[in-house]
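A.B. asks: Questions regarding the structure given below will be posed in turn.
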Amino acid sequence: MNQTSNSNHSDLLRSLMQPLNIPSFKALSRTADVSEWQVKQLRQGRAAQMQAEPLFKLSQTLQISLNELLAKFSNLPLPSPEPNSTQNLGHLQQEYRRLEAQLAEQQQTLQQEFQRSSLQTLESLLLQLPTAAYAAENNPQIPAARLLPLLRPIEQLLKSWGVEAIAPVGSEVAYDPQFHQLMEGRAESGDRVKIRYTGYTQGNKLLHRAKVSPVSDS
């Protein structure tokens with residue numbers, strides 16, 4: 001393979017990397033979780049000689065199909081391919097379809113496991129809340145405090161996900177516009193405000209700001 005061909009494939013690969021903000025071939029290998037040698041194979045137009053798994057990872061990272069990747073980075077004689085090349089190409093396509101199906105199955109399994117574990121945590125709430133709501137509708141005298149234990153499964157689920165309340169409802173805190181949203185009036189940073197509706201964070205990420213009202217000094 002001549003130097004000009006290698007250069008053409010490298011330039012083509014750069015043109016695919018640029019819109020994805022992948023700055024270098026080394027960064028491509030890290031992002032796709034493949035070796036730098038595999039990226040070098042691609043730059044040399046040897047995609048048809050590569051194994052299916054790194055090709056699959058590279059096609060996903062570059063956001064093109066496996067067939068397109070093979071067409072762009074392979075020097076196979078397309079008009080009259082050799083039997084071995086055709087067989088290799090068919091094997092790669094078959095392996096790609098297998099990996100694609102395996103990935104879809106894994107995603108479905110993870111989703112089912114997530115739903116199952118969530119439902120197990122919320123089981124008591126799912127079983128008791130409709131009955132409690134029915135009783136409350138038919139007997140307004142039932143104190144709301146009796147419904148509070150039903151919320152514990154939700155608290156446990158949120159805790160397991162690392163979701164935390166910004167502050168308890170009714171508490172007075174220093175106003176922070178990053179975490180608090182005024183429902184009425186005005187407040188400056190550091191002013192006392194009262195939590196009306198709690199907000200939530202997850203790790204360093206803000207999910208919902210707490211809704212607050214200014215506290216009068218009178």
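Every chain in the structure tokens takes a letter, A first, then B, and so on in the order presented; its residues are numbered from 1, and the ligands are numbered from 1 following the presented order.
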Can you list every residue of range 6-61 of chain A that has an atom at most 12 Å from range 103-115 of chain A, with its nearest atom pair and the distance in Å to one decimal, using only C-alpha atoms, ordered by chain then number, as CSV?

C.D. replies:
```
residue,atom,partner,partner_atom,distance
A:Glu53,CA,A:Leu103,CA,12.0
A:Phe56,CA,A:Leu103,CA,11.2
A:Lys57,CA,A:Leu103,CA,11.7
A:Gln60,CA,A:Leu103,CA,11.9
```

A.B. asks: Can those selected residues be exported to a file as a CSV table (one decimal), in the first residue's frame so that it contains N, CA, C and O atoms?

C.D. replies:
```csv
chain,number,residue,atom,x,y,z
A,53,GLU,N,-15.2,-6.8,16.6
A,53,GLU,CA,-15.5,-5.9,17.7
A,53,GLU,C,-14.9,-4.5,17.7
A,53,GLU,O,-15.6,-3.6,17.9
A,56,PHE,N,-16.8,-2.5,15.2
A,56,PHE,CA,-18.2,-2.2,15.7
A,56,PHE,C,-18.0,-0.9,16.6
A,56,PHE,O,-18.8,0.0,16.5
A,57,LYS,N,-17.0,-0.9,17.5
A,57,LYS,CA,-16.8,0.2,18.4
A,57,LYS,C,-16.5,1.5,17.6
A,57,LYS,O,-17.0,2.5,17.9
A,60,GLN,N,-19.6,2.9,15.9
A,60,GLN,CA,-20.5,3.5,16.8
A,60,GLN,C,-19.9,4.9,17.2
A,60,GLN,O,-20.6,5.9,17.3
```

A.B. asks: Work out how far CA of Lys26 in chain A is from CA of Leu13 in chain A, in Å to one decimal.

C.D. replies: 12.4 Å

A.B. asks: Would you please work out which residue, of A:Leu158, A:Leu206, A:Leu92, A:Val193, is nearest to Met50 in chain A when using only C-alpha atoms?

C.D. replies: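 That would be A:Leu92, the residue with the smallest distance to Met50 in chain A.
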